[in-house]
$ cat protein_14.csv   # CSV, C-alpha atoms
chain,number,residue,atom,x,y,z
A,221,MET,CA,-10.8,-23.1,-7.8
A,222,THR,CA,-8.8,-24.5,-10.7
A,223,ILE,CA,-5.1,-25.5,-10.4
A,224,ILE,CA,-4.1,-22.5,-12.5
A,225,ALA,CA,-6.2,-20.2,-10.3
A,226,LYS,CA,-4.6,-21.7,-7.2
A,227,ARG,CA,-1.2,-21.0,-8.6
A,228,VAL,CA,-2.1,-17.4,-9.4
A,229,VAL,CA,-3.4,-16.9,-5.9
A,230,LYS,CA,-0.4,-18.4,-4.2
A,231,LEU,CA,2.1,-16.4,-6.3
A,232,SER,CA,0.1,-13.2,-5.8
A,233,CYS,CA,0.2,-13.7,-2.1
A,234,ILE,CA,4.0,-14.2,-2.1
A,235,GLY,CA,4.2,-11.1,-4.3
A,236,CYS,CA,2.2,-9.1,-1.7
A,237,ILE,CA,4.4,-10.1,1.2
A,238,ILE,CA,7.5,-9.3,-0.9
A,239,ALA,CA,6.1,-5.9,-1.7
A,240,CYS,CA,5.1,-5.1,1.9
A,241,VAL,CA,8.4,-6.2,3.5
A,242,GLY,CA,10.5,-5.0,0.6
A,243,ASP,CA,9.1,-1.5,0.7
A,244,PHE,CA,10.4,-0.9,4.2
A,245,ALA,CA,13.7,-2.7,3.5
A,246,VAL,CA,14.3,-0.8,0.2
A,247,MET,CA,13.4,2.6,1.8
A,248,PHE,CA,15.7,2.0,4.8
A,249,PHE,CA,18.6,0.7,2.7
A,250,LEU,CA,18.5,3.5,0.0
A,251,GLY,CA,17.9,6.1,2.7
A,252,THR,CA,21.4,5.5,3.9
A,253,TYR,CA,22.7,6.8,0.6
A,254,ASP,CA,21.0,10.1,0.9
A,255,PRO,CA,23.0,12.3,3.3
A,256,GLY,CA,20.7,14.1,5.9
A,257,TYR,CA,17.7,11.9,5.1
A,258,SER,CA,15.7,11.0,8.2
A,259,GLU,CA,13.3,8.0,8.3
A,260,LEU,CA,11.3,9.8,11.1
A,261,LYS,CA,11.3,13.3,9.7
A,262,ASP,CA,11.2,12.9,5.9
A,263,THR,CA,8.6,11.3,3.8
A,264,MET,CA,9.2,8.4,1.4
A,265,SER,CA,8.4,10.8,-1.5
A,266,ALA,CA,11.4,13.0,-0.5
A,267,LEU,CA,13.7,10.0,-1.0
A,268,GLY,CA,12.2,9.5,-4.5
A,269,ALA,CA,12.2,13.2,-5.4
A,270,SER,CA,14.1,14.3,-8.5
A,271,ILE,CA,16.8,15.9,-6.4
A,272,SER,CA,17.5,12.7,-4.4
A,273,PRO,CA,20.7,10.8,-5.3
A,274,VAL,CA,18.7,7.5,-5.3
A,275,ALA,CA,15.6,8.9,-7.1
A,276,ASP,CA,16.0,6.5,-10.1
A,277,GLU,CA,16.4,3.4,-7.9
A,278,ILE,CA,13.4,4.4,-5.8
A,279,SER,CA,11.3,4.9,-9.0
A,280,ARG,CA,12.2,1.5,-10.3
A,281,TRP,CA,11.3,-0.1,-7.0
A,282,TRP,CA,7.9,1.7,-6.8
A,283,ILE,CA,7.0,0.5,-10.3
A,284,ILE,CA,7.9,-3.1,-9.3
A,285,PHE,CA,5.9,-2.6,-6.1
A,286,GLY,CA,2.9,-1.4,-8.1
A,287,VAL,CA,3.0,-4.3,-10.5
A,288,LEU,CA,3.2,-6.8,-7.5
A,289,PHE,CA,0.0,-5.2,-6.0
A,290,ILE,CA,-1.8,-5.2,-9.3
A,291,PHE,CA,-1.0,-8.9,-9.6
A,292,PHE,CA,-2.1,-9.3,-5.9
A,293,GLY,CA,-5.5,-7.7,-6.9
A,294,ILE,CA,-5.9,-10.2,-9.7
A,295,GLY,CA,-5.1,-13.1,-7.3
A,296,PHE,CA,-7.5,-11.7,-4.8
A,297,LYS,CA,-10.3,-11.8,-7.4
A,298,GLN,CA,-9.5,-15.4,-8.1
A,299,ALA,CA,-9.5,-16.3,-4.5
A,300,PHE,CA,-12.8,-14.6,-3.7
A,301,THR,CA,-14.6,-14.9,-7.0
A,302,ALA,CA,-17.6,-16.6,-5.4
A,303,LYS,CA,-18.2,-13.4,-3.2
A,304,GLY,CA,-19.3,-11.5,-6.3
A,305,LYS,CA,-19.5,-7.7,-6.3
A,306,ASN,CA,-17.6,-7.1,-3.0
A,307,ALA,CA,-14.7,-9.2,-4.2
A,308,SER,CA,-14.6,-7.1,-7.4
A,309,VAL,CA,-14.6,-3.9,-5.4
A,310,ALA,CA,-11.9,-5.1,-3.0
A,311,SER,CA,-9.8,-6.3,-5.9
A,312,LEU,CA,-10.1,-2.9,-7.6
A,313,LEU,CA,-9.1,-1.1,-4.5
A,314,ILE,CA,-5.9,-3.2,-4.1
A,315,MET,CA,-5.0,-2.6,-7.8
A,316,LEU,CA,-5.7,1.2,-7.4
A,317,TYR,CA,-3.2,1.2,-4.5
A,318,GLY,CA,-0.6,-0.5,-6.7
A,319,ILE,CA,-1.3,2.0,-9.5
A,320,GLY,CA,-1.4,5.1,-7.3
A,321,GLU,CA,1.2,4.5,-4.6
A,322,GLY,CA,3.4,2.3,-6.8
A,323,ILE,CA,3.5,3.0,-10.5
A,324,GLY,CA,2.2,6.5,-10.3
A,325,SER,CA,4.7,7.5,-7.6
A,326,GLY,CA,7.5,5.8,-9.6
A,327,VAL,CA,6.7,7.5,-12.9
A,328,PHE,CA,5.8,10.9,-11.6
A,329,LYS,CA,8.5,12.1,-9.1
A,330,ALA,CA,7.9,14.6,-6.4
A,331,SER,CA,9.7,17.9,-6.9
A,332,HIS,CA,9.6,21.4,-5.6
A,333,ASN,CA,10.9,22.7,-8.9
A,334,SER,CA,8.4,25.0,-10.6
A,335,ASN,CA,9.2,23.4,-13.9
A,336,SER,CA,8.0,20.0,-12.5
A,337,LEU,CA,4.8,21.3,-10.8
A,338,ILE,CA,2.5,19.1,-12.9
A,339,THR,CA,4.6,16.0,-12.3
A,340,SER,CA,4.6,16.7,-8.6
A,341,LEU,CA,0.9,17.3,-8.6
A,342,LEU,CA,0.3,14.0,-10.4
A,343,HIS,CA,2.5,12.3,-7.8
A,344,GLU,CA,0.5,13.7,-5.0
A,345,MET,CA,-2.9,12.9,-6.6
A,346,LEU,CA,-2.1,9.3,-7.6
A,347,GLY,CA,-0.6,8.7,-4.2
A,348,ALA,CA,-3.7,10.0,-2.5
A,349,ILE,CA,-5.9,7.7,-4.6
A,350,GLY,CA,-3.8,4.8,-3.5
A,351,ILE,CA,-4.0,5.7,0.2
A,352,VAL,CA,-7.7,6.3,0.1
A,353,SER,CA,-8.2,3.0,-1.6
A,354,LEU,CA,-6.5,1.2,1.2
A,355,LEU,CA,-8.5,3.2,3.8
A,356,ILE,CA,-11.7,2.0,2.2
A,357,LEU,CA,-10.5,-1.7,1.9
A,358,PRO,CA,-11.3,-2.8,5.5
A,359,VAL,CA,-14.9,-1.6,5.1
A,360,VAL,CA,-15.3,-3.7,2.0
A,361,MET,CA,-13.5,-6.7,3.6
A,362,LYS,CA,-15.9,-6.7,6.5
A,363,ARG,CA,-18.7,-7.3,4.0
A,364,LEU,CA,-16.6,-9.9,2.1
A,365,ILE,CA,-15.5,-12.0,5.1
A,366,SER,CA,-18.2,-12.2,7.8
A,367,LYS,CA,-17.6,-12.1,11.5
A,368,ILE,CA,-18.7,-15.7,11.8
A,369,GLU,CA,-16.1,-16.8,9.3
A,370,HIS,CA,-13.2,-14.9,10.8
A,371,PRO,CA,-14.1,-13.1,14.0
A,372,TYR,CA,-10.5,-11.9,14.6
A,373,PHE,CA,-10.1,-10.7,11.1
A,374,HIS,CA,-13.4,-8.8,11.4
A,375,ALA,CA,-12.0,-7.1,14.6
A,376,LEU,CA,-8.7,-6.4,12.8
A,377,SER,CA,-10.5,-4.7,9.9
A,378,SER,CA,-12.2,-2.3,12.3
A,379,MET,CA,-8.9,-1.6,14.1
A,380,VAL,CA,-7.0,-1.0,10.8
A,381,PHE,CA,-9.6,1.3,9.5
A,382,PHE,CA,-9.7,3.6,12.6
A,383,THR,CA,-5.9,3.5,13.0
A,384,GLY,CA,-5.5,4.3,9.4
A,385,ILE,CA,-7.7,7.4,9.7
A,386,LEU,CA,-5.7,8.5,12.8
A,387,MET,CA,-2.3,8.1,11.1
A,388,LEU,CA,-3.5,9.8,7.9
A,389,VAL,CA,-4.7,12.8,10.0
A,390,LEU,CA,-1.3,13.0,11.7
A,391,PHE,CA,0.5,12.7,8.4
A,392,LEU,CA,-1.6,15.5,6.9
A,393,PHE,CA,0.1,17.9,9.4
A,394,ARG,CA,2.9,18.0,6.9
A,395,TYR,CA,0.9,20.7,5.1
A,396,SER,CA,0.9,22.8,8.3
A,397,ASN,CA,2.4,26.3,8.2
A,398,ASP,CA,3.9,25.8,11.6
A,399,LYS,CA,7.3,24.1,10.7
A,400,ASN,CA,8.2,23.8,14.4
A,401,ASN,CA,5.1,21.8,15.2
A,402,PHE,CA,5.9,18.3,16.6
A,403,LEU,CA,3.4,16.7,14.3
A,404,TYR,CA,4.9,18.5,11.3
A,405,ILE,CA,8.5,17.6,12.2
A,406,TYR,CA,7.8,13.8,12.4
A,407,GLN,CA,5.8,13.5,9.2
A,408,GLY,CA,8.0,10.6,8.2
A,409,LEU,CA,7.1,8.7,11.3
A,410,TRP,CA,3.3,9.1,10.7
A,411,GLN,CA,3.6,8.0,7.1
A,412,ARG,CA,5.6,4.9,8.1
A,413,LEU,CA,3.1,4.0,10.8
A,414,LEU,CA,0.3,4.4,8.3
A,415,MET,CA,2.1,2.1,5.9
A,416,LEU,CA,2.9,-0.4,8.6
A,417,ASN,CA,-0.8,-0.4,9.5
A,418,ASN,CA,-1.8,-1.1,5.9
A,419,TYR,CA,0.9,-3.7,5.3
A,420,ILE,CA,0.0,-5.7,8.3
A,421,TYR,CA,-3.5,-5.8,7.0
A,422,LEU,CA,-2.5,-6.7,3.5
A,423,VAL,CA,-0.2,-9.5,4.6
A,424,THR,CA,-3.0,-10.9,6.8
A,425,ILE,CA,-5.3,-11.0,3.7
A,426,ALA,CA,-2.5,-12.7,1.8
A,427,VAL,CA,-2.2,-15.4,4.4
A,428,ILE,CA,-6.0,-16.0,4.4
A,429,MET,CA,-5.9,-16.2,0.6
A,430,TYR,CA,-3.0,-18.6,0.6
A,431,LYS,CA,-4.7,-20.9,3.1
A,432,LYS,CA,-7.9,-20.7,1.1
A,433,SER,CA,-6.1,-21.8,-2.0
A,434,MET,CA,-4.6,-24.7,-0.1
A,435,TYR,CA,-7.9,-26.2,1.0
A,436,HIS,CA,-10.1,-25.5,-2.0
A,437,ASN,CA,-10.9,-28.4,-4.2
A,438,GLU,CA,-10.2,-27.9,-7.9
A,439,ASN,CA,-13.9,-27.7,-8.8
A,440,THR,CA,-14.9,-25.2,-6.1
$ encode --input "protein_14.csv" --output "structure tokens"
Amino acid sequence: MTIIAKRVVKLSCIGCIIACVGDFAVMFFLGTYDPGYSELKDTMSALGASISPVADEISRWWIIFGVLFIFFGIGFKQAFTAKGKNASVASLLIMLYGIGEGIGSGVFKASHNSNSLITSLLHEMLGAIGIVSLLILPVVMKRLISKIEHPYFHALSSMVFFTGILMLVLFLFRYSNDKNNFLYIYQGLWQRLLMLNNYIYLVTIAVIMYKKSMYHNENT
């Protein structure tokens, strides 16, 4: 790994951690400026919707968030370039998350206004692409990093995958017709638990990458 590649990897890892921690911090902070908004009952998209008083601020953050993850995907490819195809696939999945959940969500705001139906649909579709990308990531990472290399990470990958599926199923109850259903009411909680599950995994990958860049010789 060259000196420039090492720097890219290290900076991208820092960017990933900033994005993961920052997403929760920004959402919580800006949520206090939206009267009636509940972290447990309302989705993140609701805070960035066109009718939200902090919609523009949320949009700007999501775009920054997306750029940080695209950069992280680039750094990932640099760190695991010797792993070939699996590294390329994992890098693409990370960047798709940044494009879908980040830039896509920031550019196309969620709205219940009939005049913004297409924009809202794009918001949902791009967000779904981002979420699915991260759900698939642990499966690819288990091929990329063997159980012999990192047994605990291998176990974490399995746990994150199954927990992610469970949290996504719970979150999808927001489309339920029963508005009094407990699972529907706490849709914000399920989304945040899903995000927490993903972010713990991404930060773990960032730490592994950072350590990898520290111990690689320039010509490896």
$ atom_distance --input "protein_14.csv" --atom1 "CA of Gly320 in chain A" --atom2 "CA of Val287 in chain A"
10.9 Å
$ residues_around --input "protein_14.csv" --residues "range 389-399 of chain A" --least-positions-apart "2" --cutoff "12 Å" --atoms "all atoms listed in the file" --output "list in words"
Leu260, Lys261, Asp262, Thr263, Met264, Ala348, Ile351, Phe382, Thr383, Gly384, Ile385, Leu386, Met387, Asn401, Phe402, Leu403, Tyr404, Ile405, Tyr406, Gln407, Gly408, Leu409, Trp410, Gln411, Arg412, Leu413, Leu414 and Met415 of chain A
$ closest_residue --input "protein_14.csv" --among "A:Gly350, A:Gly304, A:Gly235, A:Gly268" --to "Phe289 in chain A" --atoms "only C-alpha atoms"
A:Gly235
$ atom_distance --input "protein_14.csv" --atom1 "CA of Ser279 in chain A" --atom2 "CA of Leu342 in chain A"
14.3 Å
$ atom_distance --input "protein_14.csv" --atom1 "CA of Ile234 in chain A" --atom2 "CA of Thr252 in chain A"
27.0 Å
$ residues_around --input "protein_14.csv" --residues "Leu376 in chain A" --least-positions-apart "4" --cutoff "10 Å" --atoms "only C-alpha atoms" --output "ChimeraX atom specification"
/A:358,362,370-372,380-381,420-421,424
$ closest_residue --input "protein_14.csv" --among "A:Ile368, A:Leu354, A:Ala330, A:Leu341" --to "Ile314 in chain A" --atoms "all atoms listed in the file"
A:Leu354
$ build_atoms --input "protein_14.csv" --residues "range 362-391 of chain A" --atoms "N, CA and C atoms" --output "tab-separated table (two decimals), in the coordinates of the input"
chain	number	residue	atom	x	y	z
A	362	LYS	N	-14.97	-6.28	5.48
A	362	LYS	CA	-15.90	-6.70	6.50
A	362	LYS	C	-17.20	-7.24	5.93
A	363	ARG	N	-17.53	-6.81	4.73
A	363	ARG	CA	-18.70	-7.30	4.00
A	363	ARG	C	-18.35	-8.63	3.30
A	364	LEU	N	-17.10	-8.71	2.91
A	364	LEU	CA	-16.60	-9.90	2.10
A	364	LEU	C	-16.42	-11.09	3.03
A	365	ILE	N	-15.79	-10.87	4.17
A	365	ILE	CA	-15.50	-12.00	5.10
A	365	ILE	C	-16.31	-11.66	6.39
A	366	SER	N	-17.29	-12.48	6.69
A	366	SER	CA	-18.20	-12.20	7.80
A	366	SER	C	-17.50	-12.46	9.16
A	367	LYS	N	-18.12	-11.91	10.19
A	367	LYS	CA	-17.60	-12.10	11.50
A	367	LYS	C	-17.65	-13.52	11.97
A	368	ILE	N	-18.61	-14.25	11.46
A	368	ILE	CA	-18.70	-15.70	11.80
A	368	ILE	C	-17.58	-16.47	11.19
A	369	GLU	N	-17.20	-16.13	9.95
A	369	GLU	CA	-16.10	-16.80	9.30
A	369	GLU	C	-14.77	-16.58	9.95
A	370	HIS	N	-14.47	-15.30	10.18
A	370	HIS	CA	-13.20	-14.90	10.80
A	370	HIS	C	-13.40	-13.77	11.77
A	371	PRO	N	-13.79	-14.12	13.01
A	371	PRO	CA	-14.10	-13.10	14.00
A	371	PRO	C	-12.87	-12.17	14.30
A	372	TYR	N	-11.67	-12.75	14.34
A	372	TYR	CA	-10.50	-11.90	14.60
A	372	TYR	C	-10.15	-11.01	13.48
A	373	PHE	N	-10.34	-11.51	12.26
A	373	PHE	CA	-10.10	-10.70	11.10
A	373	PHE	C	-11.09	-9.52	11.03
A	374	HIS	N	-12.31	-9.80	11.42
A	374	HIS	CA	-13.40	-8.80	11.40
A	374	HIS	C	-12.97	-7.66	12.40
A	375	ALA	N	-12.44	-8.04	13.57
A	375	ALA	CA	-12.00	-7.10	14.60
A	375	ALA	C	-10.77	-6.30	14.05
A	376	LEU	N	-9.86	-7.03	13.39
A	376	LEU	CA	-8.70	-6.40	12.80
A	376	LEU	C	-9.05	-5.36	11.77
A	377	SER	N	-10.06	-5.66	10.96
A	377	SER	CA	-10.50	-4.70	9.90
A	377	SER	C	-10.94	-3.41	10.53
A	378	SER	N	-11.69	-3.48	11.64
A	378	SER	CA	-12.20	-2.30	12.30
A	378	SER	C	-10.97	-1.49	12.87
A	379	MET	N	-10.03	-2.20	13.50
A	379	MET	CA	-8.90	-1.60	14.10
A	379	MET	C	-8.01	-0.88	13.04
A	380	VAL	N	-7.78	-1.58	11.93
A	380	VAL	CA	-7.00	-1.00	10.80
A	380	VAL	C	-7.60	0.20	10.23
A	381	PHE	N	-8.92	0.18	10.09
A	381	PHE	CA	-9.60	1.30	9.50
A	381	PHE	C	-9.46	2.57	10.39
A	382	PHE	N	-9.73	2.44	11.68
A	382	PHE	CA	-9.70	3.60	12.60
A	382	PHE	C	-8.22	4.06	12.80
A	383	THR	N	-7.30	3.11	12.89
A	383	THR	CA	-5.90	3.50	13.00
A	383	THR	C	-5.39	4.17	11.78
A	384	GLY	N	-5.85	3.69	10.63
A	384	GLY	CA	-5.50	4.30	9.40
A	384	GLY	C	-5.93	5.75	9.27
A	385	ILE	N	-7.16	6.00	9.69
A	385	ILE	CA	-7.70	7.40	9.70
A	385	ILE	C	-6.85	8.26	10.61
A	386	LEU	N	-6.53	7.76	11.79
A	386	LEU	CA	-5.70	8.50	12.80
A	386	LEU	C	-4.35	8.86	12.19
A	387	MET	N	-3.69	7.85	11.63
A	387	MET	CA	-2.30	8.10	11.10
A	387	MET	C	-2.36	9.02	9.90
A	388	LEU	N	-3.42	8.94	9.10
A	388	LEU	CA	-3.50	9.80	7.90
A	388	LEU	C	-3.71	11.29	8.41
A	389	VAL	N	-4.53	11.48	9.44
A	389	VAL	CA	-4.70	12.80	10.00
A	389	VAL	C	-3.41	13.40	10.50
A	390	LEU	N	-2.65	12.58	11.21
A	390	LEU	CA	-1.30	13.00	11.70
A	390	LEU	C	-0.39	13.34	10.57
A	391	PHE	N	-0.43	12.50	9.54
A	391	PHE	CA	0.50	12.70	8.40
A	391	PHE	C	0.12	13.98	7.63
